[in-house]
$ cat upload-v8.pdb   # PDB, C-alpha atoms
MODEL        1
ATOM      1  CA  MET D  28     -31.018  28.172  43.976
ATOM      2  CA  ALA D  29     -27.759  26.308  43.733
ATOM      3  CA  HIS D  30     -24.590  28.336  43.457
ATOM      4  CA  TYR D  31     -21.529  27.018  41.725
ATOM      5  CA  ALA D  32     -18.016  28.307  42.192
ATOM      6  CA  VAL D  33     -16.369  29.373  38.975
ATOM      7  CA  SER D  34     -12.634  28.911  38.733
ATOM      8  CA  VAL D  35     -11.020  31.947  37.141
ATOM      9  CA  LYS D  36      -7.555  31.404  35.770
ATOM     10  CA  PRO D  37      -5.234  34.272  36.755
ATOM     11  CA  PRO D  38      -3.544  36.155  33.917
ATOM     12  CA  PRO D  39       0.036  35.133  33.085
ATOM     13  CA  ALA D  40       2.776  36.910  34.980
ATOM     14  CA  THR D  41       4.492  39.700  33.040
ATOM     15  CA  PRO D  42       7.977  38.517  32.048
ATOM     16  CA  ALA D  43      10.868  40.576  33.409
ATOM     17  CA  ARG D  44      13.450  41.748  30.882
ATOM     18  CA  ALA D  45      16.693  39.773  31.149
ATOM     19  CA  ALA D  46      19.981  39.276  29.310
ATOM     20  CA  THR D  47      22.418  36.373  29.207
ATOM     21  CA  LEU D  48      26.013  36.158  27.981
ATOM     22  CA  VAL D  49      27.556  32.954  26.624
ATOM     23  CA  LEU D  50      31.336  33.120  27.050
ATOM     24  CA  LEU D  51      33.632  31.015  24.845
ATOM     25  CA  ARG D  52      37.353  30.300  25.148
ATOM     26  CA  ASP D  53      39.643  28.307  22.851
ATOM     27  CA  ARG D  54      41.367  25.165  24.036
ATOM     28  CA  PRO D  55      45.160  24.934  23.655
ATOM     29  CA  VAL D  56      44.927  22.007  21.237
ATOM     30  CA  GLY D  57      41.825  22.871  19.199
ATOM     31  CA  GLY D  58      38.156  23.295  19.907
ATOM     32  CA  PHE D  59      36.633  25.547  22.517
ATOM     33  CA  ASP D  60      34.731  25.523  25.795
ATOM     34  CA  ILE D  61      31.701  27.439  27.055
ATOM     35  CA  LEU D  62      31.325  28.814  30.571
ATOM     36  CA  LEU D  63      28.527  27.389  32.691
ATOM     37  CA  MET D  64      27.858  28.508  36.243
ATOM     38  CA  GLN D  65      25.819  26.696  38.864
ATOM     39  CA  ARG D  66      23.146  28.745  40.563
ATOM     40  CA  HIS D  67      22.699  28.496  44.328
ATOM     41  CA  ARG D  68      20.314  25.724  45.317
ATOM     42  CA  ALA D  69      18.212  28.244  47.242
ATOM     43  CA  SER D  70      17.670  30.463  44.191
ATOM     44  CA  LYS D  71      14.086  31.319  43.277
ATOM     45  CA  PHE D  72      14.734  30.467  39.625
ATOM     46  CA  ALA D  73      16.801  27.627  38.126
ATOM     47  CA  ALA D  74      18.003  26.558  41.577
ATOM     48  CA  GLY D  75      21.024  24.241  41.290
ATOM     49  CA  ASP D  76      21.029  24.379  37.491
ATOM     50  CA  PHE D  77      24.062  25.172  35.366
ATOM     51  CA  VAL D  78      23.310  28.246  33.273
ATOM     52  CA  PHE D  79      25.065  31.035  31.398
ATOM     53  CA  PRO D  80      25.840  34.245  33.302
ATOM     54  CA  GLY D  81      23.025  36.771  33.194
ATOM     55  CA  GLY D  82      20.009  38.162  34.963
ATOM     56  CA  LYS D  83      17.336  40.837  35.070
ATOM     57  CA  ILE D  84      17.733  44.174  33.345
ATOM     58  CA  GLU D  85      17.795  46.897  35.991
ATOM     59  CA  ALA D  86      16.580  50.481  35.673
ATOM     60  CA  ASP D  87      20.210  51.584  36.096
ATOM     61  CA  ASP D  88      21.164  49.706  32.902
ATOM     62  CA  ALA D  89      19.619  52.417  30.721
ATOM     63  CA  PRO D  90      20.868  55.837  31.837
ATOM     64  CA  ALA D  91      20.261  58.781  29.534
ATOM     65  CA  GLU D  92      23.875  58.765  28.354
ATOM     66  CA  ALA D  93      24.100  54.974  27.895
ATOM     67  CA  GLY D  94      25.360  55.200  24.323
ATOM     68  CA  ALA D  95      28.466  57.103  25.418
ATOM     69  CA  TRP D  96      29.640  54.058  27.380
ATOM     70  CA  CYS D  97      29.174  51.524  24.580
ATOM     71  CA  ALA D  98      31.864  50.725  21.997
ATOM     72  CA  GLY D  99      30.699  50.288  18.412
ATOM     73  CA  LEU D 100      26.991  50.348  19.231
ATOM     74  CA  ASP D 101      24.475  53.178  19.328
ATOM     75  CA  THR D 102      20.859  53.308  20.420
ATOM     76  CA  LYS D 103      19.354  53.057  16.926
ATOM     77  CA  GLU D 104      21.462  50.039  15.958
ATOM     78  CA  ALA D 105      20.665  48.272  19.237
ATOM     79  CA  SER D 106      16.939  48.824  18.683
ATOM     80  CA  ARG D 107      17.214  47.558  15.105
ATOM     81  CA  VAL D 108      19.102  44.396  16.073
ATOM     82  CA  LEU D 109      16.579  43.479  18.779
ATOM     83  CA  GLY D 110      13.545  44.655  16.821
ATOM     84  CA  LEU D 111      12.430  46.879  19.671
ATOM     85  CA  GLY D 112      10.419  50.073  19.697
ATOM     86  CA  GLY D 113       9.985  52.352  22.697
ATOM     87  CA  PRO D 114      12.727  54.420  24.314
ATOM     88  CA  PRO D 115      15.987  54.039  22.322
ATOM     89  CA  ASP D 116      18.100  53.349  25.419
ATOM     90  CA  ALA D 117      15.838  50.407  26.333
ATOM     91  CA  ALA D 118      17.597  48.254  23.728
ATOM     92  CA  LEU D 119      21.111  49.198  24.838
ATOM     93  CA  ALA D 120      20.149  48.086  28.346
ATOM     94  CA  TYR D 121      20.261  44.434  27.201
ATOM     95  CA  TRP D 122      23.933  44.678  26.168
ATOM     96  CA  ILE D 123      24.805  46.659  29.286
ATOM     97  CA  GLY D 124      22.857  44.324  31.582
ATOM     98  CA  ALA D 125      24.525  41.239  30.092
ATOM     99  CA  ILE D 126      27.994  42.706  30.724
ATOM    100  CA  ARG D 127      27.121  43.967  34.222
ATOM    101  CA  GLU D 128      25.563  40.670  35.321
ATOM    102  CA  THR D 129      28.528  38.697  33.999
ATOM    103  CA  PHE D 130      30.894  40.893  35.991
ATOM    104  CA  GLU D 131      28.825  40.525  39.160
ATOM    105  CA  GLU D 132      28.335  36.768  38.881
ATOM    106  CA  VAL D 133      31.649  35.443  37.548
ATOM    107  CA  GLY D 134      33.996  38.448  37.757
ATOM    108  CA  ILE D 135      34.608  38.791  34.010
ATOM    109  CA  LEU D 136      34.382  42.333  32.626
ATOM    110  CA  LEU D 137      34.084  42.991  28.895
ATOM    111  CA  ALA D 138      35.421  46.530  28.683
ATOM    112  CA  ARG D 139      38.047  48.673  27.035
ATOM    113  CA  ALA D 140      40.728  50.627  28.886
ATOM    114  CA  PRO D 141      41.113  54.396  28.349
ATOM    115  CA  ASP D 142      43.608  53.721  25.526
ATOM    116  CA  GLY D 143      41.017  51.631  23.676
ATOM    117  CA  GLU D 144      42.731  48.299  24.333
ATOM    118  CA  ALA D 145      40.940  45.333  25.896
ATOM    119  CA  LEU D 146      40.861  45.663  29.671
ATOM    120  CA  VAL D 147      43.014  43.374  31.798
ATOM    121  CA  PRO D 148      41.722  44.351  35.240
ATOM    122  CA  ASP D 149      43.783  44.437  38.398
ATOM    123  CA  ARG D 150      42.203  41.501  40.199
ATOM    124  CA  GLU D 151      42.184  42.866  43.722
ATOM    125  CA  ARG D 152      40.951  46.343  42.808
ATOM    126  CA  PHE D 153      38.182  45.125  40.530
ATOM    127  CA  GLU D 154      37.081  42.514  43.043
ATOM    128  CA  THR D 155      36.339  45.431  45.362
ATOM    129  CA  TYR D 156      34.207  46.986  42.624
ATOM    130  CA  ARG D 157      32.467  43.652  42.114
ATOM    131  CA  ARG D 158      31.485  43.400  45.775
ATOM    132  CA  ALA D 159      30.200  46.976  45.663
ATOM    133  CA  CYS D 160      28.017  46.105  42.663
ATOM    134  CA  HIS D 161      26.375  43.340  44.685
ATOM    135  CA  GLU D 162      25.196  45.951  47.139
ATOM    136  CA  ASP D 163      24.323  48.801  44.776
ATOM    137  CA  LYS D 164      23.858  48.631  40.976
ATOM    138  CA  GLN D 165      25.031  52.237  40.670
ATOM    139  CA  ALA D 166      28.480  51.036  41.750
ATOM    140  CA  PHE D 167      28.910  49.605  38.252
ATOM    141  CA  TRP D 168      28.742  53.112  36.762
ATOM    142  CA  THR D 169      30.986  54.468  39.490
ATOM    143  CA  MET D 170      33.574  51.893  38.404
ATOM    144  CA  LEU D 171      33.271  52.860  34.730
ATOM    145  CA  ARG D 172      33.698  56.558  35.491
ATOM    146  CA  THR D 173      36.542  56.076  37.956
ATOM    147  CA  GLU D 174      38.510  53.755  35.679
ATOM    148  CA  ARG D 175      37.492  55.642  32.496
ATOM    149  CA  LEU D 176      36.267  52.437  30.851
ATOM    150  CA  THR D 177      34.106  51.798  27.801
ATOM    151  CA  LEU D 178      31.937  48.695  27.651
ATOM    152  CA  ALA D 179      33.006  46.269  24.896
ATOM    153  CA  THR D 180      29.486  45.988  23.493
ATOM    154  CA  ASP D 181      30.990  45.556  20.022
ATOM    155  CA  ARG D 182      32.263  42.125  21.071
ATOM    156  CA  LEU D 183      28.799  40.737  21.851
ATOM    157  CA  VAL D 184      26.860  38.799  19.209
ATOM    158  CA  TYR D 185      23.079  38.657  19.674
ATOM    159  CA  PHE D 186      21.761  35.212  18.729
ATOM    160  CA  ALA D 187      18.622  34.064  20.616
ATOM    161  CA  HIS D 188      15.420  35.233  22.322
ATOM    162  CA  TRP D 189      13.450  33.102  24.786
ATOM    163  CA  ILE D 190      10.375  33.922  26.875
ATOM    164  CA  THR D 191       9.469  31.774  29.889
ATOM    165  CA  PRO D 192       6.164  29.840  29.458
ATOM    166  CA  GLU D 193       2.961  31.643  30.419
ATOM    167  CA  GLU D 194       2.247  28.853  32.886
ATOM    168  CA  SER D 195       5.288  29.733  35.004
ATOM    169  CA  PRO D 196       4.807  32.014  38.044
ATOM    170  CA  LEU D 197       8.267  33.558  37.522
ATOM    171  CA  ARG D 198       8.873  34.654  33.937
ATOM    172  CA  PHE D 199      11.697  36.241  31.955
ATOM    173  CA  ASP D 200      11.955  37.778  28.494
ATOM    174  CA  THR D 201      15.601  36.942  27.808
ATOM    175  CA  ARG D 202      17.960  38.033  25.063
ATOM    176  CA  PHE D 203      21.027  35.823  24.545
ATOM    177  CA  PHE D 204      24.444  37.173  23.535
ATOM    178  CA  ALA D 205      27.808  35.475  22.999
ATOM    179  CA  ALA D 206      31.426  36.656  23.158
ATOM    180  CA  GLU D 207      34.961  35.350  23.553
ATOM    181  CA  LEU D 208      36.489  35.382  27.017
ATOM    182  CA  PRO D 209      38.759  38.440  27.315
ATOM    183  CA  ALA D 210      42.456  37.574  27.591
ATOM    184  CA  GLY D 211      43.892  37.640  31.099
ATOM    185  CA  GLN D 212      40.580  37.125  32.890
ATOM    186  CA  GLU D 213      39.236  34.132  34.814
ATOM    187  CA  ALA D 214      35.767  33.149  36.007
ATOM    188  CA  THR D 215      35.236  32.935  39.767
ATOM    189  CA  VAL D 216      32.136  32.349  41.889
ATOM    190  CA  ASP D 217      30.529  35.357  43.562
ATOM    191  CA  GLY D 218      29.864  33.665  46.906
ATOM    192  CA  LYS D 219      26.174  34.549  46.679
ATOM    193  CA  GLU D 220      24.189  33.417  43.634
ATOM    194  CA  VAL D 221      26.891  31.280  42.006
ATOM    195  CA  ILE D 222      28.381  28.224  43.728
ATOM    196  CA  ALA D 223      30.454  26.670  40.915
ATOM    197  CA  VAL D 224      31.801  27.391  37.432
ATOM    198  CA  ARG D 225      32.739  24.903  34.717
ATOM    199  CA  TRP D 226      34.181  25.179  31.223
ATOM    200  CA  LEU D 227      32.822  22.472  28.921
ATOM    201  CA  GLY D 228      32.520  21.902  25.191
ATOM    202  CA  PRO D 229      28.927  22.189  23.922
ATOM    203  CA  ARG D 230      28.487  18.441  23.370
ATOM    204  CA  GLU D 231      30.326  17.610  26.607
ATOM    205  CA  ALA D 232      27.867  19.745  28.575
ATOM    206  CA  ILE D 233      24.832  18.174  26.902
ATOM    207  CA  GLU D 234      26.158  14.644  27.508
ATOM    208  CA  ALA D 235      27.036  15.463  31.130
ATOM    209  CA  ALA D 236      23.423  16.534  31.643
ATOM    210  CA  ALA D 237      22.161  13.331  30.002
ATOM    211  CA  ARG D 238      24.233  11.336  32.510
ATOM    212  CA  GLY D 239      22.793  13.339  35.396
ATOM    213  CA  GLU D 240      26.139  14.929  36.310
ATOM    214  CA  ILE D 241      24.812  18.468  35.831
ATOM    215  CA  SER D 242      21.356  19.940  35.423
ATOM    216  CA  LEU D 243      20.604  22.014  32.313
ATOM    217  CA  ARG D 244      17.396  23.827  31.407
ATOM    218  CA  LYS D 245      15.901  23.373  27.940
ATOM    219  CA  PRO D 246      16.921  26.830  26.632
ATOM    220  CA  THR D 247      20.502  26.138  27.746
ATOM    221  CA  VAL D 248      20.593  22.833  25.877
ATOM    222  CA  ARG D 249      19.035  24.278  22.741
ATOM    223  CA  ASN D 250      21.483  27.181  22.709
ATOM    224  CA  LEU D 251      24.490  24.938  23.362
ATOM    225  CA  MET D 252      23.501  23.000  20.238
ATOM    226  CA  LEU D 253      23.940  26.153  18.145
ATOM    227  CA  PHE D 254      27.672  26.122  18.946
ATOM    228  CA  GLU D 255      28.336  22.462  18.132
ATOM    229  CA  GLY D 256      30.760  21.558  15.373
ATOM    230  CA  ALA D 257      32.654  24.832  15.124
ATOM    231  CA  PRO D 258      36.463  24.424  15.216
ATOM    232  CA  SER D 259      37.121  27.502  17.350
ATOM    233  CA  ALA D 260      35.442  30.183  19.445
ATOM    234  CA  ALA D 261      35.830  32.727  16.645
ATOM    235  CA  ALA D 262      34.297  30.354  14.114
ATOM    236  CA  ALA D 263      31.382  29.600  16.429
ATOM    237  CA  LEU D 264      30.685  33.305  16.891
ATOM    238  CA  GLY D 265      31.047  33.943  13.176
ATOM    239  CA  ARG D 266      28.268  31.462  12.456
ATOM    240  CA  LEU D 267      25.926  33.477  14.675
ATOM    241  CA  VAL D 268      26.519  36.886  13.115
ATOM    242  CA  GLY D 269      23.406  37.980  11.247
ATOM    243  CA  ARG D 270      21.505  34.862  12.281
ATOM    244  CA  PRO D 271      17.716  35.413  12.110
ATOM    245  CA  VAL D 272      16.456  35.403  15.684
ATOM    246  CA  GLU D 273      12.972  34.065  16.327
ATOM    247  CA  THR D 274      11.209  34.444  19.661
ATOM    248  CA  ILE D 275      10.820  31.067  21.379
ATOM    249  CA  ARG D 276       8.099  30.751  24.010
ATOM    250  CA  PRO D 277       7.583  27.159  25.252
ATOM    251  CA  ARG D 278       4.226  26.055  26.661
ATOM    252  CA  VAL D 279       3.648  23.681  29.578
ATOM    253  CA  LEU D 280       0.813  21.142  29.583
ATOM    254  CA  GLU D 281      -0.387  19.154  32.587
ATOM    255  CA  GLU D 282      -1.361  15.632  31.532
ATOM    256  CA  GLY D 283      -2.260  13.036  34.119
ATOM    257  CA  GLY D 284      -0.288  14.841  36.793
ATOM    258  CA  ARG D 285       2.769  15.114  34.582
ATOM    259  CA  ARG D 286       4.224  18.242  32.985
ATOM    260  CA  ARG D 287       4.996  18.252  29.285
ATOM    261  CA  VAL D 288       6.908  21.079  27.667
ATOM    262  CA  LEU D 289       5.926  21.959  24.117
ATOM    263  CA  MET D 290       8.119  23.963  21.760
ATOM    264  CA  PRO D 291       6.889  26.029  18.817
ATOM    265  CA  GLY D 292       6.162  23.634  15.988
ATOM    266  CA  ASP D 293       5.417  20.657  18.265
ATOM    267  CA  PRO D 294       2.036  18.934  17.822
ATOM    268  CA  GLY D 295      -0.456  20.481  20.252
ATOM    269  CA  TYR D 296       1.463  23.747  20.660
ATOM    270  CA  PHE D 297      -0.850  26.719  20.969
TER     271      PHE D 297
ENDMDL
END

$ encode --input "upload-v8.pdb" --output "structure tokens"
Amino acid sequence: MAHYAVSVKPPPATPARAATLVLLRDRPVGGFDILLMQRHRASKFAAGDFVFPGGKIEADDAPAEAGAWCAGLDTKEASRVLGLGGPPDAALAYWIGAIRETFEEVGILLARAPDGEALVPDRERFETYRRACHEDKQAFWTMLRTERLTLATDRLVYFAHWITPEESPLRFDTRFFAAELPAGQEATVDGKEVIAVRWLGPREAIEAAARGEISLRKPTVRNLMLFEGAPSAAAALGRLVGRPVETIRPRVLEEGGRRRVLMPGDPGYF
């Protein structure tokens, strides 16, 4: 009796929770720029691409007392905004993770000082905290307690939700936030995951990618388009407030040895 091998397709990888923060700053003569950082070319994901700061949500991003560290945001409101069930602190972890990752990757910290004013960190002292966070995620909370800081979660606007295609071996379930760059802070590379930072207008970034000067992933391009046409950073953020957020999960088809990415609504999407 002949025996035939049956190819069994493995189940899709479970996407890891992730958060991304789009930072905007006004130009001196009108308009605004968005921060893009280039990932190390040896990175497992998006190697060499220019992306927004962000990364995986860690277990440490949702401590039991998370709400006490967040300005203008509680656990119930965070869950409502994201449409999440489960443990209440799980939603807050996206805001916290976006702020923590941005601090680790580009050195910008959205936080409030003990007097409630926006933090202008001492560069040398907070760079020491930043290096400690690279080694141990708990160092982020040590910094908050030591400096008596509150995270400026009230400054973040939630505006997009993307899930990596099922066909990808490395997947992320990513929530996108946006905020203005805090005054007195600058973006710098971390010497590990980030090798360059650039401030570009939304259309400038898209056109630079079209010319092959930088590499942008599809979610980055689509999200940059949401900011086009606004006269200032504040106006761009204002357009996003209350925006209905739909989950976008692209699909990848192999056709004749070529990959084709389908978006929801495209012919053939399933």

$ residues_around --input "upload-v8.pdb" --residues "Gly75 in chain D" --least-positions-apart "2" --cutoff "7 Å" --atoms "all atoms listed in the file" --output "PyMOL selection string"
chain D and resi 65-68+73+77

$ closest_residue --input "upload-v8.pdb" --among "D:Arg139, D:Arg238, D:Arg52, D:Arg175" --to "Ala214 in chain D" --atoms "all atoms listed in the file"
D:Arg52

$ closest_residue --input "upload-v8.pdb" --among "D:Thr215, D:Thr177, D:Thr102, D:Asn250" --to "Pro229 in chain D" --atoms "only C-alpha atoms"
D:Asn250

$ resolve_selection --input "upload-v8.pdb" --expression "the PyMOL selection byres ((chain D and resi 227) around 12)" --output "ChimeraX atom specification"
/D:49-54,58-64,77-79,224-226,228-236,241,251,254-255

$ atom_distance --input "upload-v8.pdb" --atom1 "CA of Ala118 in chain D" --atom2 "CA of Ser106 in chain D"
5.1 Å
